[in-house]
$ cat input-v3.pdb   # PDB, C-alpha atoms
ATOM      1  CA  MET Z   1      -9.521-106.504   3.502
ATOM      2  CA  ASN Z   2     -13.249-107.158   3.552
ATOM      3  CA  SER Z   3     -15.176-103.907   3.223
ATOM      4  CA  ASP Z   4     -17.450-105.038   6.062
ATOM      5  CA  GLN Z   5     -14.550-105.033   8.517
ATOM      6  CA  LEU Z   6     -13.772-102.030  10.674
ATOM      7  CA  ASP Z   7     -10.393-100.423  10.044
ATOM      8  CA  GLY Z   8      -9.548 -97.552  12.381
ATOM      9  CA  ILE Z   9      -6.080 -96.980  10.893
ATOM     10  CA  SER Z  10      -7.378 -96.533   7.336
ATOM     11  CA  ALA Z  11     -10.101 -94.177   8.560
ATOM     12  CA  ILE Z  12      -7.625 -91.933  10.373
ATOM     13  CA  ARG Z  13      -5.118 -92.029   7.504
ATOM     14  CA  THR Z  14      -7.825 -90.782   5.163
ATOM     15  CA  TYR Z  15      -8.382 -87.811   7.456
ATOM     16  CA  VAL Z  16      -4.634 -87.144   7.710
ATOM     17  CA  ASP Z  17      -4.345 -87.099   3.905
ATOM     18  CA  ARG Z  18      -7.050 -84.452   3.766
ATOM     19  CA  LEU Z  19      -5.588 -82.602   6.726
ATOM     20  CA  VAL Z  20      -2.070 -81.992   5.405
ATOM     21  CA  THR Z  21      -3.416 -80.447   2.194
ATOM     22  CA  GLY Z  22      -6.145 -78.426   3.858
ATOM     23  CA  ASP Z  23      -8.607 -80.472   1.822
ATOM     24  CA  GLY Z  24      -7.000 -79.064  -1.317
ATOM     25  CA  ARG Z  25      -7.228 -75.454  -0.125
ATOM     26  CA  CYS Z  26      -3.906 -75.131   1.680
ATOM     27  CA  ASN Z  27      -1.174 -75.928  -0.808
ATOM     28  CA  GLY Z  28       2.486 -75.070  -0.266
ATOM     29  CA  MET Z  29       4.549 -75.045   2.920
ATOM     30  CA  LYS Z  30       2.508 -74.898   6.086
ATOM     31  CA  VAL Z  31       2.650 -75.313   9.864
ATOM     32  CA  LEU Z  32       0.668 -78.054  11.627
ATOM     33  CA  LEU Z  33      -0.707 -77.098  15.053
ATOM     34  CA  LEU Z  34      -1.893 -79.889  17.360
ATOM     35  CA  ASP Z  35      -2.882 -80.535  20.965
ATOM     36  CA  GLY Z  36      -1.878 -83.416  23.222
ATOM     37  CA  ALA Z  37      -4.673 -85.734  22.064
ATOM     38  CA  THR Z  38      -4.379 -85.094  18.321
ATOM     39  CA  THR Z  39      -0.607 -85.474  18.531
ATOM     40  CA  GLN Z  40      -1.201 -89.022  19.765
ATOM     41  CA  ILE Z  41      -3.808 -89.673  17.064
ATOM     42  CA  LEU Z  42      -1.452 -88.651  14.258
ATOM     43  CA  SER Z  43       1.464 -90.574  15.734
ATOM     44  CA  CYS Z  44      -0.580 -93.790  15.490
ATOM     45  CA  VAL Z  45      -0.765 -93.610  11.685
ATOM     46  CA  SER Z  46       2.152 -91.391  10.549
ATOM     47  CA  THR Z  47       5.690 -90.603  11.581
ATOM     48  CA  GLN Z  48       6.846 -87.027  11.891
ATOM     49  CA  SER Z  49       9.168 -87.573   8.907
ATOM     50  CA  GLU Z  50       6.191 -88.609   6.772
ATOM     51  CA  ILE Z  51       4.251 -85.522   7.831
ATOM     52  CA  LEU Z  52       7.200 -83.185   7.171
ATOM     53  CA  SER Z  53       7.698 -84.679   3.700
ATOM     54  CA  ARG Z  54       4.249 -83.415   2.684
ATOM     55  CA  GLU Z  55       4.945 -79.681   2.571
ATOM     56  CA  VAL Z  56       4.701 -79.335   6.353
ATOM     57  CA  TYR Z  57       7.484 -77.045   7.568
ATOM     58  CA  LEU Z  58       6.848 -77.450  11.290
ATOM     59  CA  VAL Z  59       4.710 -79.563  13.634
ATOM     60  CA  SER Z  60       3.959 -77.684  16.852
ATOM     61  CA  ARG Z  61       1.688 -77.756  19.897
ATOM     62  CA  LEU Z  62      -0.869 -74.988  20.302
ATOM     63  CA  ASP Z  63      -1.238 -75.813  24.005
ATOM     64  CA  ASP Z  64       2.467 -75.665  24.913
ATOM     65  CA  PRO Z  65       3.847 -72.282  26.118
ATOM     66  CA  ARG Z  66       7.299 -73.363  24.950
ATOM     67  CA  CYS Z  67       5.991 -73.443  21.366
ATOM     68  CA  ASN Z  68       3.323 -70.736  21.530
ATOM     69  CA  PRO Z  69       4.469 -67.214  22.519
ATOM     70  CA  ASN Z  70       0.835 -66.172  23.011
ATOM     71  CA  LEU Z  71       0.752 -68.412  26.095
ATOM     72  CA  LYS Z  72       3.843 -67.070  27.842
ATOM     73  CA  ASP Z  73       1.724 -65.470  30.593
ATOM     74  CA  HIS Z  74      -0.417 -68.578  31.047
ATOM     75  CA  SER Z  75       2.150 -71.336  31.444
ATOM     76  CA  ASN Z  76       0.772 -72.178  34.889
ATOM     77  CA  ASN Z  77      -2.458 -73.352  33.262
ATOM     78  CA  ASN Z  78      -0.682 -75.760  30.915
ATOM     79  CA  ASN Z  79      -1.226 -78.843  33.063
ATOM     80  CA  SER Z  80      -5.018 -78.517  33.166
ATOM     81  CA  ILE Z  81      -5.151 -78.000  29.389
ATOM     82  CA  ASN Z  82      -3.028 -81.086  28.738
ATOM     83  CA  ASN Z  83      -5.139 -83.202  31.079
ATOM     84  CA  GLU Z  84      -8.341 -82.432  29.171
ATOM     85  CA  ASN Z  85      -6.702 -83.009  25.781
ATOM     86  CA  GLY Z  86      -5.210 -86.323  26.807
ATOM     87  CA  GLY Z  87      -1.638 -85.087  26.929
ATOM     88  CA  ASP Z  88       1.053 -85.601  29.528
ATOM     89  CA  SER Z  89       0.414 -83.412  32.546
ATOM     90  CA  ASN Z  90       4.058 -83.688  33.576
ATOM     91  CA  ASN Z  91       5.489 -81.593  30.752
ATOM     92  CA  ASN Z  92       8.615 -79.725  31.780
ATOM     93  CA  ASN Z  93       8.028 -76.009  31.352
ATOM     94  CA  GLY Z  94      11.359 -74.971  32.825
ATOM     95  CA  GLY Z  95      13.913 -72.873  31.049
ATOM     96  CA  GLY Z  96      11.193 -70.641  29.711
ATOM     97  CA  GLY Z  97      13.401 -67.673  28.846
ATOM     98  CA  GLY Z  98      15.676 -69.360  26.335
ATOM     99  CA  ILE Z  99      12.965 -71.567  24.890
ATOM    100  CA  HIS Z 100      10.589 -68.616  24.521
ATOM    101  CA  SER Z 101      13.274 -66.691  22.648
ATOM    102  CA  LEU Z 102      13.661 -69.617  20.255
ATOM    103  CA  ALA Z 103       9.887 -69.687  19.762
ATOM    104  CA  LEU Z 104       9.905 -65.995  18.849
ATOM    105  CA  GLN Z 105      12.746 -66.561  16.384
ATOM    106  CA  GLU Z 106      10.800 -69.438  14.814
ATOM    107  CA  GLU Z 107       7.688 -67.266  14.595
ATOM    108  CA  ALA Z 108       9.583 -64.686  12.535
ATOM    109  CA  HIS Z 109      10.213 -67.339   9.876
ATOM    110  CA  VAL Z 110       6.654 -68.709   9.645
ATOM    111  CA  GLY Z 111       4.516 -65.564   9.763
ATOM    112  CA  HIS Z 112       3.882 -65.726   6.013
ATOM    113  CA  MET Z 113       2.842 -69.387   6.141
ATOM    114  CA  LYS Z 114      -0.554 -70.954   6.532
ATOM    115  CA  ALA Z 115      -1.509 -72.989   9.589
ATOM    116  CA  VAL Z 116      -3.426 -76.249   9.576
ATOM    117  CA  VAL Z 117      -4.921 -76.733  13.040
ATOM    118  CA  PHE Z 118      -6.085 -80.138  14.294
ATOM    119  CA  LEU Z 119      -7.637 -80.130  17.773
ATOM    120  CA  ARG Z 120     -10.224 -81.822  19.944
ATOM    121  CA  PRO Z 121     -13.398 -79.660  20.167
ATOM    122  CA  THR Z 122     -13.029 -78.729  23.845
ATOM    123  CA  ASP Z 123     -13.600 -75.509  25.769
ATOM    124  CA  ASN Z 124      -9.894 -75.168  26.481
ATOM    125  CA  ASN Z 125      -8.888 -75.580  22.849
ATOM    126  CA  ILE Z 126     -11.426 -73.012  21.684
ATOM    127  CA  GLY Z 127     -10.005 -70.681  24.331
ATOM    128  CA  LEU Z 128      -6.527 -71.228  22.895
ATOM    129  CA  LEU Z 129      -7.770 -70.492  19.379
ATOM    130  CA  VAL Z 130      -9.608 -67.363  20.517
ATOM    131  CA  ARG Z 131      -6.428 -66.123  22.186
ATOM    132  CA  GLU Z 132      -4.394 -66.963  19.086
ATOM    133  CA  LEU Z 133      -6.730 -65.185  16.673
ATOM    134  CA  SER Z 134      -7.744 -62.161  18.730
ATOM    135  CA  LEU Z 135      -4.394 -61.156  20.256
ATOM    136  CA  ARG Z 136      -1.678 -61.731  17.697
ATOM    137  CA  PRO Z 137      -2.272 -64.200  14.876
ATOM    138  CA  ARG Z 138       1.048 -65.819  13.982
ATOM    139  CA  PHE Z 139       0.097 -67.114  10.531
ATOM    140  CA  SER Z 140      -1.441 -65.705   7.363
ATOM    141  CA  GLU Z 141      -4.300 -68.228   7.274
ATOM    142  CA  TYR Z 142      -5.841 -70.787   9.603
ATOM    143  CA  HIS Z 143      -7.454 -73.978   8.325
ATOM    144  CA  ILE Z 144      -9.098 -75.528  11.381
ATOM    145  CA  TYR Z 145     -10.101 -79.170  11.770
ATOM    146  CA  PHE Z 146     -11.663 -80.733  14.841
ATOM    147  CA  SER Z 147     -11.458 -84.419  15.730
ATOM    148  CA  GLY Z 148     -15.150 -84.495  16.616
ATOM    149  CA  ILE Z 149     -18.358 -82.503  16.495
ATOM    150  CA  LEU Z 150     -17.972 -78.867  17.570
ATOM    151  CA  PRO Z 151     -20.820 -77.593  19.797
ATOM    152  CA  PRO Z 152     -22.656 -74.607  18.224
ATOM    153  CA  ASN Z 153     -21.853 -72.260  21.116
ATOM    154  CA  LEU Z 154     -18.108 -72.898  20.725
ATOM    155  CA  PHE Z 155     -18.350 -72.422  16.968
ATOM    156  CA  GLN Z 156     -20.060 -69.081  17.501
ATOM    157  CA  LEU Z 157     -17.393 -68.031  19.998
ATOM    158  CA  LEU Z 158     -14.695 -68.873  17.463
ATOM    159  CA  CYS Z 159     -16.448 -66.871  14.724
ATOM    160  CA  GLU Z 160     -16.825 -63.835  16.959
ATOM    161  CA  ASN Z 161     -13.114 -63.717  17.781
ATOM    162  CA  ASP Z 162     -11.480 -63.635  14.359
ATOM    163  CA  PRO Z 163     -11.225 -59.861  13.784
ATOM    164  CA  GLN Z 164      -8.677 -60.163  10.980
ATOM    165  CA  ASP Z 165     -10.560 -62.899   9.087
ATOM    166  CA  ARG Z 166      -7.611 -65.277   9.207
ATOM    167  CA  VAL Z 167      -9.774 -68.433   9.465
ATOM    168  CA  LYS Z 168     -10.440 -69.785   5.971
ATOM    169  CA  GLN Z 169     -12.295 -72.975   6.836
ATOM    170  CA  VAL Z 170     -13.567 -75.004   9.787
ATOM    171  CA  GLN Z 171     -14.317 -78.703   9.409
ATOM    172  CA  GLU Z 172     -15.266 -81.602  11.650
ATOM    173  CA  PHE Z 173     -13.573 -84.978  11.309
ATOM    174  CA  TYR Z 174     -14.586 -88.186  13.082
ATOM    175  CA  ALA Z 175     -11.154 -88.984  14.448
ATOM    176  CA  ASP Z 176     -11.531 -88.821  18.224
ATOM    177  CA  PHE Z 177      -9.874 -92.186  18.976
ATOM    178  CA  LEU Z 178      -6.482 -93.878  18.810
ATOM    179  CA  PRO Z 179      -6.178 -96.569  16.108
ATOM    180  CA  ILE Z 180      -3.804 -99.140  17.612
ATOM    181  CA  ASN Z 181      -4.350-101.832  14.961
ATOM    182  CA  PRO Z 182      -6.816-102.037  12.072
ATOM    183  CA  ASP Z 183      -9.192-103.956  14.342
ATOM    184  CA  LEU Z 184      -8.277-102.347  17.667
ATOM    185  CA  VAL Z 185      -8.879 -98.769  18.814
ATOM    186  CA  SER Z 186      -8.568 -97.003  22.154
ATOM    187  CA  LEU Z 187      -9.976 -93.871  23.777
ATOM    188  CA  ASN Z 188      -6.916 -93.633  26.045
ATOM    189  CA  CYS Z 189      -9.113 -93.113  29.107
ATOM    190  CA  ARG Z 190      -7.641 -93.936  32.490
ATOM    191  CA  ASN Z 191      -9.247 -94.723  35.868
ATOM    192  CA  THR Z 192     -12.511 -95.768  34.259
ATOM    193  CA  LEU Z 193     -13.821 -97.711  37.264
ATOM    194  CA  GLN Z 194     -15.204 -94.458  38.644
ATOM    195  CA  MET Z 195     -17.418 -93.283  35.783
ATOM    196  CA  THR Z 196     -17.633 -89.509  36.190
ATOM    197  CA  SER Z 197     -19.883 -87.400  33.978
ATOM    198  CA  ALA Z 198     -16.856 -86.054  32.077
ATOM    199  CA  LEU Z 199     -15.512 -89.554  31.458
ATOM    200  CA  TYR Z 200     -18.943 -90.811  30.433
ATOM    201  CA  LYS Z 201     -19.232 -87.966  27.910
ATOM    202  CA  ARG Z 202     -15.736 -88.715  26.603
ATOM    203  CA  ASN Z 203     -16.660 -92.376  26.057
ATOM    204  CA  ILE Z 204     -19.860 -91.438  24.230
ATOM    205  CA  LEU Z 205     -18.029 -89.017  21.936
ATOM    206  CA  GLY Z 206     -15.290 -91.546  21.237
ATOM    207  CA  LEU Z 207     -17.744 -94.332  20.364
ATOM    208  CA  GLN Z 208     -19.715 -91.945  18.195
ATOM    209  CA  SER Z 209     -16.539 -90.932  16.375
ATOM    210  CA  MET Z 210     -15.497 -94.556  15.771
ATOM    211  CA  LEU Z 211     -18.894 -95.458  14.318
ATOM    212  CA  LEU Z 212     -19.070 -92.394  12.065
ATOM    213  CA  ALA Z 213     -15.461 -92.797  10.862
ATOM    214  CA  ASN Z 214     -16.243 -96.365   9.804
ATOM    215  CA  LYS Z 215     -19.704 -95.469   8.472
ATOM    216  CA  ARG Z 216     -21.506 -97.819  10.828
ATOM    217  CA  GLN Z 217     -24.939 -97.607  12.417
ATOM    218  CA  PRO Z 218     -25.315-100.346  15.037
ATOM    219  CA  GLY Z 219     -28.640-102.111  15.072
ATOM    220  CA  THR Z 220     -28.244-103.140  18.710
ATOM    221  CA  ILE Z 221     -26.267-101.651  21.591
ATOM    222  CA  ARG Z 222     -25.697-104.141  24.397
ATOM    223  CA  TYR Z 223     -25.022-103.190  28.000
ATOM    224  CA  GLN Z 224     -25.017-104.838  31.398
ATOM    225  CA  LYS Z 225     -28.521-105.062  32.815
ATOM    226  CA  SER Z 226     -27.415-104.001  36.277
ATOM    227  CA  SER Z 227     -25.528-100.954  34.974
ATOM    228  CA  ARG Z 228     -26.664 -97.645  36.460
ATOM    229  CA  LEU Z 229     -25.750 -95.900  33.180
TER     230      LEU Z 229
END

$ encode --input "input-v3.pdb" --output "structure tokens"
Amino acid sequence: MNSDQLDGISAIRTYVDRLVTGDGRCNGMKVLLLDGATTQILSCVSTQSEILSREVYLVSRLDDPRCNPNLKDHSNNNNSINNENGGDSNNNNGGGGGIHSLALQEEAHVGHMKAVVFLRPTDNNIGLLVRELSLRPRFSEYHIYFSGILPPNLFQLLCENDPQDRVKQVQEFYADFLPINPDLVSLNCRNTLQMTSALYKRNILGLQSMLLANKRQPGTIRYQKSSRL
């Protein structure tokens, strides 16, 4: 492929290769923690079998009370978290007792492992990490990767809420988009006819991520003359 062509799939695969090894600092069996949006990003370039074959013992959702015992008292907030992260707001949270027991049993087997965390840099996700690290860390180490640029105030909040020094590294990737084909990417935004401030910000961050991932600096940005944006 011509080096001048954009290739979203190759860009994301490069990040995934670095992710599953903790950039060379997280060798051995590990647990991969995702949110709704990053689960979709990884599924575009890798199957779960491929991920598990690379010393990943378990792929789990940090934002799902069925997988995260630290959220058992906050399951009612799960829908709003999933909506911001791009996940399905219709997740079935029923049967919590039995599923929670299974989650606790699973936790007993992974407490000695390291966790590789891949999340969008949102307020909700930082809140989940703060709760994870400050209440009862489930893993021996946390190697945290964000799919975009983390605002300084959220980074400071994360640093201030790691009393046991479990976080070993924090990195920013430019992977805040879905690579459908090598020459086609999506931000997975719905109802875009009404451009709210949150949706506008999401579009800006996604475009920024696509350009940085492909190492591009556009000379000209075109837009409709009558656009109010």

$ resolve_selection --input "input-v3.pdb" --expression "the PyMOL selection byres ((chain Z and resi 9) around 12)" --output "ChimeraX atom specification"
/Z:5-8,10-16,41-46,175,177-186,210,213-214

$ closest_residue --input "input-v3.pdb" --among "Z:Arg120, Z:Lys30, Z:Arg61, Z:Arg131" --to "Z:Arg202" --atoms "all atoms listed in the file"
Z:Arg120

$ residues_around --input "input-v3.pdb" --residues "Z:Asn153" --least-positions-apart "3" --cutoff "12 Å" --atoms "only C-alpha atoms" --output "list in words"
Pro121, Thr122, Asp123, Ile126, Ile149, Leu150, Gln156, Leu157, Leu158, Cys159 and Glu160 of chain Z

$ atom_distance --input "input-v3.pdb" --atom1 "atom CA of Z:Gln40" --atom2 "atom CA of Z:Glu172"
17.9 Å

$ atom_distance --input "input-v3.pdb" --atom1 "atom CA of Z:Lys215" --atom2 "atom CA of Z:Tyr145"
19.2 Å

$ atom_distance --input "input-v3.pdb" --atom1 "atom CA of Z:Val130" --atom2 "atom CA of Z:Thr39"
20.3 Å

$ resolve_selection --input "input-v3.pdb" --expression "the PyMOL selection byres ((chain Z and resi 29) around 6)" --output "list of chain:residue names"
Z:Gly28, Z:Lys30, Z:Glu55, Z:Val56, Z:Tyr57

$ closest_residue --input "input-v3.pdb" --among "Z:Arg138, Z:Gln169, Z:Leu119, Z:Leu207" --to "Z:Ile221" --atoms "all atoms listed in the file"
Z:Leu207

$ residues_around --input "input-v3.pdb" --residues "Z:Gln164" --least-positions-apart "6" --cutoff "10 Å" --atoms "only C-alpha atoms" --output "JSON, numbers by chain"
{"Z": [133, 134, 136, 137, 140, 141]}

$ closest_residue --input "input-v3.pdb" --among "Z:Asp17, Z:Thr220, Z:Val116, Z:Cys189" --to "Z:Ile204" --atoms "all atoms listed in the file"
Z:Cys189

$ closest_atom_pairs --input "input-v3.pdb" --of "stretch 6-46 of chain Z" --to "stretch 62-69 of chain Z" --cutoff "10 Å" --atoms "all atoms listed in the file" --output "tab-separated table"
residue	atom	partner	partner_atom	distance
Z:Leu32	CA	Z:Leu62	CA	9.3
Z:Leu33	CA	Z:Leu62	CA	5.7
Z:Leu34	CA	Z:Leu62	CA	5.8
Z:Asp35	CA	Z:Asp63	CA	5.9
Z:Gly36	CA	Z:Asp63	CA	7.7

$ closest_residue --input "input-v3.pdb" --among "Z:Gln208, Z:Asn188, Z:Thr47, Z:Asn161" --to "Z:Leu135" --atoms "all atoms listed in the file"
Z:Asn161

$ decode --input "input-v3.pdb" --residues "stretch 45-60 of chain Z" --atoms "N, CA and C atoms" --output "compact mmCIF listing (two decimals), in the first residue's frame"
# COMPACT_ATOMS: atom_id res chain seq x y z
N VAL Z 45 -10.37 -4.75 14.71
CA VAL Z 45 -9.06 -5.17 14.18
C VAL Z 45 -8.58 -6.51 14.73
N SER Z 46 -9.22 -7.03 15.78
CA SER Z 46 -8.78 -8.30 16.38
C SER Z 46 -9.99 -9.06 16.90
N THR Z 47 -9.90 -10.38 16.83
CA THR Z 47 -10.91 -11.22 17.45
C THR Z 47 -10.51 -11.47 18.90
N GLN Z 48 -11.47 -11.89 19.70
CA GLN Z 48 -11.16 -12.18 21.09
C GLN Z 48 -10.16 -13.33 21.19
N SER Z 49 -10.26 -14.30 20.29
CA SER Z 49 -9.31 -15.43 20.30
C SER Z 49 -7.89 -14.95 20.06
N GLU Z 50 -7.73 -13.98 19.14
CA GLU Z 50 -6.40 -13.44 18.88
C GLU Z 50 -5.85 -12.72 20.10
N ILE Z 51 -6.71 -11.96 20.77
CA ILE Z 51 -6.28 -11.24 21.97
C ILE Z 51 -5.88 -12.24 23.06
N LEU Z 52 -6.70 -13.27 23.29
CA LEU Z 52 -6.43 -14.23 24.35
C LEU Z 52 -5.18 -15.06 24.08
N SER Z 53 -4.80 -15.18 22.81
CA SER Z 53 -3.60 -15.96 22.48
C SER Z 53 -2.31 -15.20 22.77
N ARG Z 54 -2.43 -13.96 23.20
CA ARG Z 54 -1.25 -13.12 23.44
C ARG Z 54 -1.09 -12.82 24.93
N GLU Z 55 -1.12 -13.87 25.72
CA GLU Z 55 -0.92 -13.81 27.17
C GLU Z 55 -1.96 -12.92 27.86
N VAL Z 56 -3.17 -12.89 27.31
CA VAL Z 56 -4.28 -12.20 27.95
C VAL Z 56 -5.21 -13.27 28.52
N TYR Z 57 -5.30 -13.32 29.84
CA TYR Z 57 -6.11 -14.35 30.50
C TYR Z 57 -7.60 -14.07 30.40
N LEU Z 58 -7.96 -12.77 30.46
CA LEU Z 58 -9.37 -12.40 30.51
C LEU Z 58 -9.55 -11.02 29.90
N VAL Z 59 -10.61 -10.86 29.11
CA VAL Z 59 -11.03 -9.56 28.60
C VAL Z 59 -12.32 -9.19 29.31
N SER Z 60 -12.35 -8.04 29.99
CA SER Z 60 -13.49 -7.68 30.81
C SER Z 60 -13.83 -6.21 30.64
